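*Asks:* Provided herewith: upload36.cif, mmCIF, C-alpha atoms.
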data_final
#
loop_
_atom_site.label_atom_id
_atom_site.label_comp_id
_atom_site.auth_asym_id
_atom_site.auth_seq_id
_atom_site.Cartn_x
_atom_site.Cartn_y
_atom_site.Cartn_z
CA MET A 263 74.27 23.51 19.26
CA LYS A 264 73.66 20.10 17.72
CA THR A 265 71.54 19.16 20.74
CA ASN A 266 69.39 22.27 20.40
CA LYS A 267 69.00 21.65 16.66
CA ALA A 268 67.90 18.07 17.32
CA ILE A 269 65.39 19.28 19.92
CA ASN A 270 64.02 21.85 17.50
CA ILE A 271 63.65 19.22 14.78
CA ALA A 272 61.90 16.92 17.23
CA PHE A 273 59.49 19.67 18.24
CA LEU A 274 58.88 20.47 14.57
CA VAL A 275 58.12 16.84 13.76
CA LEU A 276 55.83 16.60 16.79
CA SER A 277 54.02 19.77 15.76
CA ILE A 278 53.53 18.43 12.25
CA LEU A 279 52.20 15.12 13.59
CA LEU A 280 49.79 16.88 15.94
CA THR A 281 48.63 19.13 13.11
CA LEU A 282 48.09 16.17 10.79
CA THR A 283 46.23 14.33 13.54
CA SER A 284 43.97 17.33 14.10
CA ILE A 285 43.34 17.65 10.36
CA ALA A 286 42.56 13.94 10.13
CA PHE A 287 40.16 14.19 13.09
CA ILE A 288 38.38 17.20 11.57
CA ALA A 289 38.21 15.45 8.20
CA PHE A 290 36.72 12.35 9.84
CA LYS A 291 34.10 14.48 11.59
CA ILE A 292 33.18 16.20 8.33
CA VAL A 293 32.96 12.90 6.46
CA SER A 294 30.87 11.41 9.28
CA VAL A 295 28.40 14.31 9.15
CA ILE A 296 28.11 13.92 5.36
CA GLN A 297 27.64 10.16 5.66
CA GLU A 298 24.98 10.56 8.36
CA LYS A 299 23.10 13.05 6.18
CA GLN A 300 23.30 10.69 3.20
CA TYR A 301 22.15 7.77 5.34
CA LYS A 302 19.08 9.64 6.62
CA GLU A 303 18.19 10.75 3.09
CA GLU A 304 18.52 7.19 1.79
CA VAL A 305 16.37 5.74 4.60
CA THR A 306 13.74 8.43 4.03
CA ALA A 307 13.69 7.56 0.33
CA LEU A 308 13.45 3.82 1.02
CA LEU A 309 10.65 4.26 3.56
CA SER A 310 8.70 6.58 1.26
CA VAL A 311 7.34 3.40 -0.35
CA THR A 312 5.41 2.75 2.86
CA ASP A 313 3.39 5.98 2.46
CA VAL A 314 0.31 4.33 0.99
CA ASP A 315 -3.20 5.66 0.70
CA ILE A 316 -5.26 3.96 3.38
CA PRO A 317 -8.67 3.48 1.73
CA GLY A 318 -10.82 3.57 4.85
CA ALA A 319 -13.77 1.34 5.58
CA SER A 320 -16.30 3.58 3.80
CA THR A 321 -14.54 3.89 0.42
CA ASP A 322 -15.21 1.88 -2.69
CA ASN A 323 -11.48 1.12 -3.13
CA GLN A 324 -11.25 -1.45 -0.37
CA ILE A 325 -10.42 -4.97 -1.50
CA LYS A 326 -11.50 -7.91 0.60
CA ASN A 327 -9.07 -10.71 -0.30
CA ALA A 328 -5.56 -10.98 -1.65
CA PHE A 329 -3.01 -13.68 -2.38
CA LEU A 330 -0.02 -13.86 -0.06
CA PRO A 331 2.95 -15.36 -1.95
CA PHE A 332 5.27 -15.66 1.05
CA HIS A 333 5.44 -14.85 4.72
CA ILE A 334 7.72 -13.91 7.60
CA LYS A 335 8.16 -15.50 11.01
CA ARG A 336 9.26 -13.73 14.17
CA GLN A 337 11.55 -15.93 16.26
CA ASN A 338 11.84 -15.52 20.01
CA ILE A 339 15.55 -15.00 20.76
CA THR A 340 15.80 -11.80 22.80
CA LYS A 341 19.44 -11.79 23.97
CA LEU A 342 22.59 -13.80 23.38
CA ALA A 343 26.30 -14.19 24.14
CA LEU A 344 28.71 -15.95 21.77
CA ILE A 345 31.92 -17.58 23.00
CA ASN A 346 34.28 -18.91 20.32
CA PHE A 347 37.37 -21.07 20.88
CA GLU A 348 38.02 -22.06 17.26
CA GLN A 349 41.75 -21.45 17.61
CA THR A 350 41.95 -23.99 20.45
CA PRO A 351 38.94 -26.31 19.94
CA GLU A 352 38.35 -29.29 22.16
CA SER A 353 37.47 -32.75 20.83
CA VAL A 354 33.82 -31.96 19.93
CA TYR A 355 33.05 -28.25 20.16
CA ASN A 356 34.65 -24.98 19.04
CA GLY A 357 32.08 -22.52 20.34
CA LEU A 358 29.15 -21.98 22.70
CA GLU A 359 26.28 -19.54 22.34
CA LEU A 360 23.98 -18.67 25.24
CA GLN A 361 20.53 -17.46 24.18
CA TYR A 362 17.48 -16.30 26.08
CA LEU A 363 14.12 -17.21 24.51
CA GLU A 364 10.79 -15.56 25.28
CA ARG A 365 7.84 -17.57 23.99
CA LYS A 366 4.16 -16.78 24.45
CA ASP A 367 3.75 -19.40 27.15
CA THR A 368 7.24 -19.78 28.63
CA GLU A 369 10.79 -18.50 28.61
CA GLY A 370 14.24 -19.80 29.37
CA TYR A 371 17.84 -20.31 28.26
CA ARG A 372 19.23 -22.22 25.30
CA ILE A 373 22.81 -23.15 24.48
CA LEU A 374 24.01 -23.71 20.95
CA ALA A 375 27.17 -25.84 20.91
CA TYR A 376 29.06 -25.50 17.62
CA ARG A 377 30.69 -28.75 16.57
CA ASN A 378 34.01 -29.24 14.81
CA ASP A 379 32.22 -31.22 12.08
CA GLY A 380 30.07 -28.22 11.11
CA TYR A 381 26.84 -29.30 12.83
CA ILE A 382 25.33 -27.89 16.01
CA ASP A 383 24.01 -29.44 19.21
CA ILE A 384 21.26 -27.56 21.03
CA TYR A 385 20.61 -27.75 24.75
CA ASP A 386 17.33 -26.25 26.02
CA ASP A 387 16.63 -25.51 29.65
CA GLU A 388 14.01 -27.72 31.27
CA THR A 389 11.56 -24.79 31.13
CA LEU A 390 11.59 -24.87 27.30
CA PRO A 391 9.61 -27.75 25.75
CA LEU A 392 11.22 -28.98 22.53
CA ASN A 393 9.54 -27.59 19.43
CA PRO A 394 9.75 -30.05 16.49
CA GLU A 395 8.81 -27.28 14.03
CA GLU A 396 11.88 -25.17 14.76
CA ASP A 397 14.26 -24.84 11.84
CA PHE A 398 18.03 -24.56 12.27
CA SER A 399 19.01 -24.86 8.62
CA VAL A 400 20.87 -21.53 8.58
CA ALA A 401 23.41 -22.79 11.14
CA GLY A 402 26.14 -24.52 9.10
CA LYS A 403 25.26 -28.16 8.37
CA GLU A 404 22.11 -27.94 10.49
CA LEU A 405 21.14 -29.75 13.68
CA LYS A 406 22.81 -32.83 15.18
CA GLU A 407 21.36 -33.17 18.70
CA HIS A 408 18.52 -31.27 20.38
CA VAL A 409 17.78 -32.14 24.00
CA ASN A 410 16.44 -30.70 27.24
CA THR A 411 18.96 -30.46 30.04
CA LYS A 412 19.26 -29.12 33.55
CA MET A 413 21.19 -25.85 33.60
CA THR A 414 22.71 -24.44 36.77
CA ASN A 415 24.52 -21.26 37.76
CA VAL A 416 22.93 -19.41 34.84
CA ARG A 417 23.60 -15.67 34.77
CA PHE A 418 23.50 -13.20 31.90
CA GLU A 419 23.27 -9.57 32.91
CA LYS A 420 24.98 -6.19 33.10
CA ASP A 421 25.51 -4.54 36.49
CA GLU A 422 25.33 -0.87 37.48
CA GLN A 423 29.04 -0.39 36.67
CA ASP A 424 28.40 -1.56 33.06
CA ASN A 425 30.19 -4.88 33.68
CA VAL A 426 28.78 -7.94 31.91
CA HIS A 427 28.41 -11.25 33.78
CA ILE A 428 27.89 -14.57 31.97
CA SER A 429 27.77 -18.01 33.55
CA PHE A 430 26.17 -21.42 33.00
CA ALA A 431 26.82 -25.09 33.68
CA PHE A 432 25.34 -28.28 32.19
CA TYR A 433 26.23 -31.78 30.95
CA ASP A 434 26.45 -32.42 27.21
CA VAL A 435 25.07 -35.45 25.34
CA LEU A 436 28.32 -37.33 26.05
CA GLY A 437 27.88 -36.80 29.80
CA ARG A 438 30.72 -34.28 30.02
CA PRO A 439 30.46 -31.29 32.38
CA ILE A 440 30.62 -27.87 30.71
CA ASN A 441 31.21 -24.85 32.96
CA VAL A 442 31.47 -21.18 32.01
CA THR A 443 32.03 -18.21 34.31
CA ILE A 444 32.87 -14.80 32.80
CA ASP A 445 32.90 -11.49 34.68
CA GLU A 446 34.01 -8.07 33.49
CA GLY A 447 35.62 -5.89 36.14
CA ILE A 448 36.62 -2.74 34.30
CA ASN A 449 33.89 -0.55 35.88
CA SER A 450 33.59 1.82 32.92
CA SER A 451 31.09 2.34 30.14
CA SER A 452 31.46 1.28 26.52
CA THR A 453 29.54 2.51 23.49
CA PRO A 454 27.87 -0.40 21.67
CA PHE A 455 26.76 -0.50 18.04
CA ASN A 456 24.07 -2.18 15.96
CA LEU A 457 24.93 -5.23 13.87
CA LEU A 458 23.40 -7.58 11.33
CA ALA A 459 24.53 -11.01 12.54
CA PRO A 460 26.10 -13.12 9.75
CA ILE A 461 24.50 -16.34 11.00
CA GLY A 462 23.61 -17.38 7.47
CA LEU A 463 27.15 -17.00 6.16
CA SER A 464 28.06 -20.71 6.16
CA SER A 465 24.58 -22.19 5.75
CA GLU A 466 24.55 -25.05 3.23
CA ASN A 467 20.78 -25.61 3.00
CA PRO A 468 18.96 -22.48 4.19
CA LYS A 469 15.18 -22.63 4.46
CA TYR A 470 14.81 -18.85 4.89
CA PHE A 471 16.85 -15.64 4.91
CA PRO A 472 17.91 -15.06 8.54
CA LEU A 473 17.47 -11.38 9.33
CA PHE A 474 19.09 -11.20 12.77
CA TRP A 475 19.34 -7.67 14.15
CA LEU A 476 21.64 -7.28 17.17
CA TYR A 477 20.94 -4.00 18.94
CA ASP A 478 23.59 -2.48 21.24
CA PHE A 479 26.06 -5.20 20.33
CA ASN A 480 29.48 -5.21 22.00
CA PHE A 481 32.65 -7.16 22.80
CA LEU A 482 33.87 -7.90 26.32
CA ARG A 483 36.76 -5.79 27.66
CA THR A 484 39.95 -7.62 28.63
CA LYS A 485 41.03 -5.37 31.50
CA ASP A 486 40.27 -7.09 34.83
CA LEU A 487 38.33 -9.78 32.98
CA HIS A 488 37.73 -13.04 34.85
CA CYS A 489 37.11 -15.87 32.39
CA GLU A 490 36.88 -19.61 33.18
CA ILE A 491 35.71 -22.04 30.51
CA SER A 492 36.06 -25.79 30.94
CA ILE A 493 34.77 -28.88 29.12
CA ASP A 494 35.19 -32.28 30.74
CA GLY A 495 37.67 -30.77 33.19
CA LYS A 496 39.85 -29.23 30.43
CA ASP A 497 40.41 -25.47 30.54
CA ILE A 498 39.53 -23.63 27.31
CA ASP A 499 40.90 -20.28 26.11
CA PRO A 500 38.43 -18.06 24.22
CA ASP A 501 39.55 -16.64 20.90
CA PRO A 502 41.26 -13.25 21.09
CA PHE A 503 39.96 -10.21 19.25
CA PRO A 504 40.92 -10.60 15.56
CA VAL A 505 42.82 -7.30 15.42
CA PRO A 506 44.75 -6.17 18.52
CA PHE A 507 43.59 -2.56 18.61
CA PRO A 508 41.48 -0.88 21.29
CA ILE A 509 37.91 0.31 20.81
CA GLN A 510 37.31 3.47 22.82
CA GLU A 511 40.75 2.96 24.39
CA GLN A 512 39.62 -0.42 25.73
CA PHE A 513 41.15 -3.68 24.48
CA ARG A 514 38.63 -6.38 23.66
CA ASN A 515 38.04 -10.08 23.80
CA PHE A 516 36.21 -11.85 20.95
CA ILE A 517 33.39 -12.85 23.33
CA ARG A 518 30.44 -10.75 22.20
CA TYR A 519 26.90 -10.15 23.38
CA THR A 520 23.65 -8.24 23.07
CA PHE A 521 20.70 -7.82 25.40
CA ASP A 522 18.35 -6.91 22.55
CA SER A 523 18.24 -9.30 19.58
CA ARG A 524 15.48 -9.74 16.98
CA LEU A 525 15.48 -12.63 14.53
CA TYR A 526 13.12 -12.86 11.58
CA SER A 527 12.76 -15.73 9.08
CA ILE A 528 12.31 -13.99 5.75
CA PHE A 529 10.31 -15.90 3.09
CA ASP A 530 10.22 -19.19 4.97
CA MET A 531 10.01 -22.19 2.63
CA SER A 532 7.45 -24.07 4.75
CA GLN A 533 4.53 -22.52 2.86
CA THR A 534 3.70 -24.77 -0.13
CA THR A 535 0.46 -23.18 -1.34
CA LEU A 536 -0.45 -19.69 -2.46
CA LYS A 537 -2.48 -18.44 0.47
CA GLU A 538 -5.58 -16.31 0.01
CA VAL A 539 -6.02 -13.98 2.99
CA ARG A 540 -8.78 -11.74 4.25
CA LEU A 541 -7.80 -8.05 4.45
CA ASN A 542 -9.00 -5.49 6.97
CA GLU A 543 -10.45 -2.08 6.13
CA ASN A 544 -6.94 -0.74 5.45
CA ASN A 545 -6.06 -3.42 2.91
CA GLN A 546 -3.85 -5.16 5.48
CA TYR A 547 -3.36 -8.72 6.62
CA THR A 548 -1.97 -8.69 10.19
CA PRO A 549 -1.19 -12.13 11.68
CA ASP A 550 0.84 -11.97 14.91
CA ASP A 551 1.10 -8.17 14.56
CA ILE A 552 3.05 -8.52 11.30
CA VAL A 553 1.57 -6.16 8.70
CA TYR A 554 1.25 -7.20 5.05
CA GLN A 555 0.18 -4.03 3.27
CA PHE A 556 -1.56 -4.27 -0.11
CA ASN A 557 -2.58 -1.48 -2.44
CA ASN A 558 -6.01 -1.01 -4.00
CA GLU A 559 -5.16 -3.43 -6.81
CA GLY A 560 -4.28 -6.26 -4.44
CA GLU A 561 -0.54 -5.86 -5.00
CA LEU A 562 1.86 -6.30 -2.08
CA ARG A 563 3.38 -2.94 -1.14
CA TYR A 564 5.37 -3.80 1.97
CA ILE A 565 5.69 -6.07 4.99
CA LYS A 566 6.25 -4.55 8.44
CA VAL A 567 7.50 -6.50 11.45
CA ASP A 568 8.25 -4.43 14.55
CA THR A 569 10.47 -1.57 13.25
CA THR A 570 11.57 -3.36 10.07
CA TYR A 571 10.07 -2.92 6.61
CA ILE A 572 10.47 -5.16 3.55
CA THR A 573 9.37 -2.98 0.65
CA PHE A 574 8.62 -3.64 -3.03
CA GLU A 575 9.04 -0.93 -5.65
CA PRO A 576 6.90 -1.21 -7.66
CA SER A 577 4.29 -3.10 -5.65
CA LEU A 578 4.46 -6.83 -6.28
CA SER A 579 1.82 -8.25 -8.59
CA LEU A 580 1.49 -11.92 -9.51
CA MET A 581 -0.46 -11.07 -12.65
CA LYS A 582 2.18 -9.30 -14.74
CA ALA A 583 5.88 -9.47 -15.51
CA GLN A 584 7.91 -7.11 -13.34
CA ASN A 585 11.38 -5.98 -12.39
CA GLY A 586 11.88 -3.93 -9.28
CA ALA A 587 13.65 -3.27 -5.99
CA ILE A 588 13.22 -5.23 -2.77
CA ASN A 589 14.71 -3.44 0.21
CA ILE A 590 14.87 -4.06 3.95
CA THR A 591 14.88 -0.88 6.01
CA THR A 592 14.45 -0.03 9.68
CA GLU A 593 13.02 2.98 11.47
CA ASP A 594 15.55 2.85 14.30
CA GLY A 595 19.03 3.17 12.75
CA MET A 596 19.84 -0.49 12.16
CA GLY A 597 20.82 0.18 8.56
CA TYR A 598 19.33 -1.17 5.35
CA ILE A 599 19.68 -3.98 2.81
CA LYS A 600 19.16 -3.37 -0.89
CA GLY A 601 18.20 -5.90 -3.53
CA GLU A 602 16.17 -6.51 -6.63
CA PHE A 603 13.30 -8.79 -7.63
CA SER A 604 11.68 -10.04 -10.80
CA LEU A 605 8.36 -11.65 -11.65
CA GLU A 606 8.42 -13.77 -14.81
CA GLN A 607 5.39 -15.25 -16.52
CA ILE A 608 6.49 -18.76 -17.55
CA ASP A 609 3.11 -19.50 -19.20
CA PRO A 610 -0.51 -18.42 -18.57
CA SER A 611 -0.69 -20.55 -15.42
CA ASN A 612 2.83 -20.33 -13.96
CA VAL A 613 4.89 -17.43 -12.64
CA ARG A 614 8.36 -17.27 -11.11
CA PHE A 615 9.48 -14.76 -8.49
CA LYS A 616 13.18 -14.22 -7.88
CA CYS A 617 15.08 -11.93 -5.54
CA ASN A 618 18.61 -11.32 -4.34
CA PHE A 619 20.00 -8.86 -1.80
CA SER A 620 22.78 -7.77 -4.12
CA GLY A 621 23.42 -4.47 -2.37
CA GLY A 622 24.34 -6.10 0.94
CA TRP A 623 23.87 -4.41 4.30
CA LYS A 624 24.69 -0.74 4.83
CA ALA A 625 25.58 -0.23 8.48
CA ASN A 626 24.82 2.90 10.48
CA VAL A 627 27.67 3.32 12.98
CA HIS A 628 29.50 6.41 14.19
CA LEU A 629 32.80 5.52 15.87
CA LEU A 630 35.83 5.06 13.60
CA THR A 631 36.63 1.66 15.13
CA HIS A 632 33.05 0.51 14.55
CA LYS A 633 33.24 1.71 10.95
CA ILE A 634 36.35 -0.43 10.51
CA VAL A 635 34.61 -3.53 11.92
CA VAL A 636 31.47 -3.22 9.74
CA ASN A 637 32.86 -1.52 6.65
CA ASP A 638 31.17 -2.10 3.30
CA ASN A 639 33.62 -4.89 2.41
CA SER A 640 33.34 -6.79 5.70
CA ILE A 641 31.52 -10.12 5.97
CA PHE A 642 28.86 -8.37 8.06
CA ALA A 643 27.96 -6.19 5.07
CA THR A 644 28.52 -8.62 2.19
CA TRP A 645 27.08 -12.00 3.29
CA PRO A 646 23.45 -11.17 2.28
CA LYS A 647 24.65 -10.86 -1.33
CA GLN A 648 25.11 -14.64 -1.40
CA TYR A 649 21.40 -15.39 -0.81
CA TYR A 650 19.14 -16.07 -3.80
CA TYR A 651 15.43 -16.88 -3.59
CA THR A 652 13.16 -18.47 -6.21
CA LEU A 653 9.40 -19.00 -5.88
CA ASP A 654 7.42 -20.88 -8.54
CA ILE A 655 3.62 -20.52 -8.37
CA ASN A 656 0.91 -22.28 -10.33
CA LEU A 657 -1.94 -19.79 -10.40
CA ASP A 658 -4.49 -22.51 -11.22
CA THR A 659 -3.64 -25.06 -8.52
CA LYS A 660 -2.16 -22.44 -6.12
CA LYS A 661 0.83 -24.70 -5.59
CA ALA A 662 3.96 -22.83 -4.45
CA ASP A 663 7.48 -24.25 -4.66
CA SER A 664 10.25 -22.12 -3.15
CA ASN A 665 13.99 -22.43 -2.76
CA TRP A 666 16.79 -20.51 -1.03
CA GLU A 667 20.42 -20.83 -2.14
CA ASN A 668 23.53 -19.54 -0.42
CA HIS A 669 26.14 -19.14 -3.16
#
Show this structure as structure tokens.

*Replies:*
Amino acid sequence: MKTNKAINIAFLVLSILLTLTSIAFIAFKIVSVIQEKQYKEEVTALLSVTDVDIPGASTDNQIKNAFLPFHIKRQNITKLALINFEQTPESVYNGLELQYLERKDTEGYRILAYRNDGYIDIYDDETLPLNPEEDFSVAGKELKEHVNTKMTNVRFEKDEQDNVHISFAFYDVLGRPINVTIDEGINSSSTPFNLLAPIGLSSENPKYFPLFWLYDFNFLRTKDLHCEISIDGKDIDPDPFPVPFPIQEQFRNFIRYTFDSRLYSIFDMSQTTLKEVRLNENNQYTPDDIVYQFNNEGELRYIKVDTTYITFEPSLSLMKAQNGAINITTEDGMGYIKGEFSLEQIDPSNVRFKCNFSGGWKANVHLLTHKIVVNDNSIFATWPKQYYYTLDINLDTKKADSNWENH
């Protein structure tokens, strides 16, 4: 009798657990549907600022010139893989990042080697001429060494079974051989997610806000994973996944990758004068297919680069004091960043623009495990809040002095 009673209690407990699990699953689905609806409504509201009246070439409302207080640069990193070994660093490095660059005239691989002293060394393939104008100020303590090197055994691709393969070999500035060979062998699919890379998190002297969208971002699976990393003949173990729980029933390594990355330098500090630009018939200035949209009063309404919008509400004017919202929103589900701006008239000749992305990044992910990784309190969502921008302009001399701070 006692045995039967124990079995009945066990079945009762199991039934309760299954019921609670089902309720929790249904509740999660309901919450997810509500969150998705709220997200779409918020994006629609944020992008409504971009619905401007295009004057047309034959109207009297067209303006010919406008002042451009800042600008955006599109960088050419199109895919990357990041391999950290911070828990077991070797004598110089604690991480390696393989990037693929597509420039107008050439393309090739780059390796960022993260140093234990906080700086980075950069190794460019022989196909990539060194560009002295490149800025690496958002990467920790900035650049230490930047050299061309011969890379061999380079591979970065995904096969038909959804397995990722990463390999490269080169010699560092100390003459030490570095070899990496990583192959997934799980032969099953994995749902990726979109991520805002926190590359500016530890920057000490940023020269711009690094908006680095990583589309279809993912972590390598540990099952049947072949991983060999060596520096100067010493084997290196990559860092494990921070939390030992599976994503989609697949345990992960902390090696992560994307085959679709887009990096933009927001409000680059290299511009030192207030630039007067010629607008087209739609009140737009469009260098390198980046759209700076002005309204009929010559005020900056929004900036569009690929699928990303930086919007001002109200439109930014340099001729009057203002307080408003500056938001970064995408058309393709990457999420959005909220902030605020102000324009202060210091005296009749000088104005000061300030902005801060105080709202952080709001992710748009669907799986519960992805929601845990990029929740609103994670570093992925909160690091933009640390960035503060100030731009001082003399309207008489057109001198512009800007500054980014990472608090």

*Asks:* Counting all atoms listed in the file, which residue out of A:Gln337, A:Trp623, A:Pro610, A:Ile440 sits closest to Ile641 of chain A?

*Replies:*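 Using all atoms listed in the file, the shortest distance to Ile641 of chain A belongs to A:Trp623.
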
*Asks:* Identify all residues satisfying the PyMOL selection byres ((chain A and resi 393) around 12) in the given file; provide them as a VMD selection string.

*Replies:* chain A and resid 365 384 386 390 to 392 394 to 398 408 to 410

*Asks:* Can you write out the residues you just picked, keeping C-alpha atoms, as a PDB file, keeping the file's coordinate frame?

*Replies:*
ATOM      1  CA  ARG A 365       7.840 -17.570  23.990  1.00  0.00           C
ATOM      2  CA  ILE A 384      21.260 -27.560  21.030  1.00  0.00           C
ATOM      3  CA  ASP A 386      17.330 -26.250  26.020  1.00  0.00           C
ATOM      4  CA  LEU A 390      11.590 -24.870  27.300  1.00  0.00           C
ATOM      5  CA  PRO A 391       9.610 -27.750  25.750  1.00  0.00           C
ATOM      6  CA  LEU A 392      11.220 -28.980  22.530  1.00  0.00           C
ATOM      7  CA  PRO A 394       9.750 -30.050  16.490  1.00  0.00           C
ATOM      8  CA  GLU A 395       8.810 -27.280  14.030  1.00  0.00           C
ATOM      9  CA  GLU A 396      11.880 -25.170  14.760  1.00  0.00           C
ATOM     10  CA  ASP A 397      14.260 -24.840  11.840  1.00  0.00           C
ATOM     11  CA  PHE A 398      18.030 -24.560  12.270  1.00  0.00           C
ATOM     12  CA  HIS A 408      18.520 -31.270  20.380  1.00  0.00           C
ATOM     13  CA  VAL A 409      17.780 -32.140  24.000  1.00  0.00           C
ATOM     14  CA  ASN A 410      16.440 -30.700  27.240  1.00  0.00           C
TER      15      ASN A 410
END

*Asks:* Tell me which protein, DNA and RNA residues are within 7 Å of Leu476 of chain A, counting only C-alpha atoms, leaving out same-chain ones fewer than 2 positions away, and put them as JSON, numbers by chain.

*Replies:* {"A": [456, 457, 458, 459, 474, 478, 479, 520, 522, 523, 524]}

*Asks:* Please write the residues from the selection above to a file, keeping C-alpha atoms, as a PDB file, in the frame of the given file.

*Replies:*
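Wrote it out as part05.pdb, contents follow:
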ATOM      1  CA  ASN A 456      24.070  -2.180  15.960  1.00  0.00           C
ATOM      2  CA  LEU A 457      24.930  -5.230  13.870  1.00  0.00           C
ATOM      3  CA  LEU A 458      23.400  -7.580  11.330  1.00  0.00           C
ATOM      4  CA  ALA A 459      24.530 -11.010  12.540  1.00  0.00           C
ATOM      5  CA  PHE A 474      19.090 -11.200  12.770  1.00  0.00           C
ATOM      6  CA  ASP A 478      23.590  -2.480  21.240  1.00  0.00           C
ATOM      7  CA  PHE A 479      26.060  -5.200  20.330  1.00  0.00           C
ATOM      8  CA  THR A 520      23.650  -8.240  23.070  1.00  0.00           C
ATOM      9  CA  ASP A 522      18.350  -6.910  22.550  1.00  0.00           C
ATOM     10  CA  SER A 523      18.240  -9.300  19.580  1.00  0.00           C
ATOM     11  CA  ARG A 524      15.480  -9.740  16.980  1.00  0.00           C
TER      12      ARG A 524
END

*Asks:* Near Val627 of chain A, counting all atoms listed in the file, which residues have an atom at most 12 Å away, once you skip same-chain residues fewer than 5 positions from it, shown as a ChimeraX atom specification?

*Replies:* /A:294-295,297-298,301,453-458,477-479,595-597,632-638

*Asks:* Determine, for each residue of segment 310-421 of chain A having at least one atom at most 12 Å from an atom of segment 486-496 of chain A, the closest pair of atoms and their separation in Å to one decimal, counting only C-alpha atoms; order by chain and ascending number, as CSV.

*Replies:*
residue,atom,partner,partner_atom,distance
A:Ile345,CA,A:Ile491,CA,9.5
A:Asn346,CA,A:Ile491,CA,10.8
A:Phe347,CA,A:Ile491,CA,9.8
A:Thr350,CA,A:Lys496,CA,11.5
A:Pro351,CA,A:Ile493,CA,10.4
A:Glu352,CA,A:Ile493,CA,7.8
A:Ser353,CA,A:Ile493,CA,9.5
A:Val354,CA,A:Ile493,CA,9.7
A:Tyr355,CA,A:Ile493,CA,9.1
A:Asn356,CA,A:Ile493,CA,10.8
A:Gly357,CA,A:Ile491,CA,10.8
A:Leu358,CA,A:Ile491,CA,10.2
A:Ala375,CA,A:Ile493,CA,11.6

*Asks:* Please write the residues from the selection above to a file, keeping C-alpha atoms, as a JSON list (two decimals), in the coordinates of the input.

*Replies:*
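part_29.json was written with the following content:
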[["chain", "number", "residue", "atom", "x", "y", "z"],
["A", 345, "ILE", "CA", 31.92, -17.58, 23.00],
["A", 346, "ASN", "CA", 34.28, -18.91, 20.32],
["A", 347, "PHE", "CA", 37.37, -21.07, 20.88],
["A", 350, "THR", "CA", 41.95, -23.99, 20.45],
["A", 351, "PRO", "CA", 38.94, -26.31, 19.94],
["A", 352, "GLU", "CA", 38.35, -29.29, 22.16],
["A", 353, "SER", "CA", 37.47, -32.75, 20.83],
["A", 354, "VAL", "CA", 33.82, -31.96, 19.93],
["A", 355, "TYR", "CA", 33.05, -28.25, 20.16],
["A", 356, "ASN", "CA", 34.65, -24.98, 19.04],
["A", 357, "GLY", "CA", 32.08, -22.52, 20.34],
["A", 358, "LEU", "CA", 29.15, -21.98, 22.70],
["A", 375, "ALA", "CA", 27.17, -25.84, 20.91]]

*Asks:* For Gln423 of chain A, which residue out of A:Asn441, A:Gln555, A:Ser452, A:Gln648 is the nearest one, using all atoms listed in the file?

*Replies:*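 That would be A:Ser452, the residue with the smallest distance to Gln423 of chain A.
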
*Asks:* Rounded to one decimal in Å, what is the spacing between atom CA of Leu562 of chain A and atom CA of Asn338 of chain A?

*Replies:*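 Between atom CA of Leu562 of chain A and atom CA of Asn338 of chain A the gap is 25.9 Å.
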
*Asks:* Measuring atom to atom with all atoms listed in the file, identify which of A:Asp530, A:Glu543, A:Asp379, A:Glu602 is nearest to Tyr470 of chain A.

*Replies:*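 Ranked by minimum distance to Tyr470 of chain A, first place goes to A:Asp530.
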
*Asks:* Can you tell me, as an MDAnalysis selection string, which residues sit within 9 Å of (2.4, -10.7, 2.9) in the file's frame, using all atoms listed in the file?

*Replies:* chainID A and resid 329:334 546:548 552:556 562:565

*Asks:* If the PyMOL selection byres ((chain A and resi 567-572) around 6) were run on this exact file, what residues would it hold? Put them as a list in words.

*Replies:* Ile552, Tyr564, Ile565, Lys566, Thr573, Asn589, Ile590, Thr591, Thr592 and Glu593 of chain A

*Asks:* Give me, please, the distance in Å between atom CA of Thr535 of chain A and atom CA of Gly560 of chain A, quoted to one decimal.

*Replies:*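 The value is 17.8 Å.
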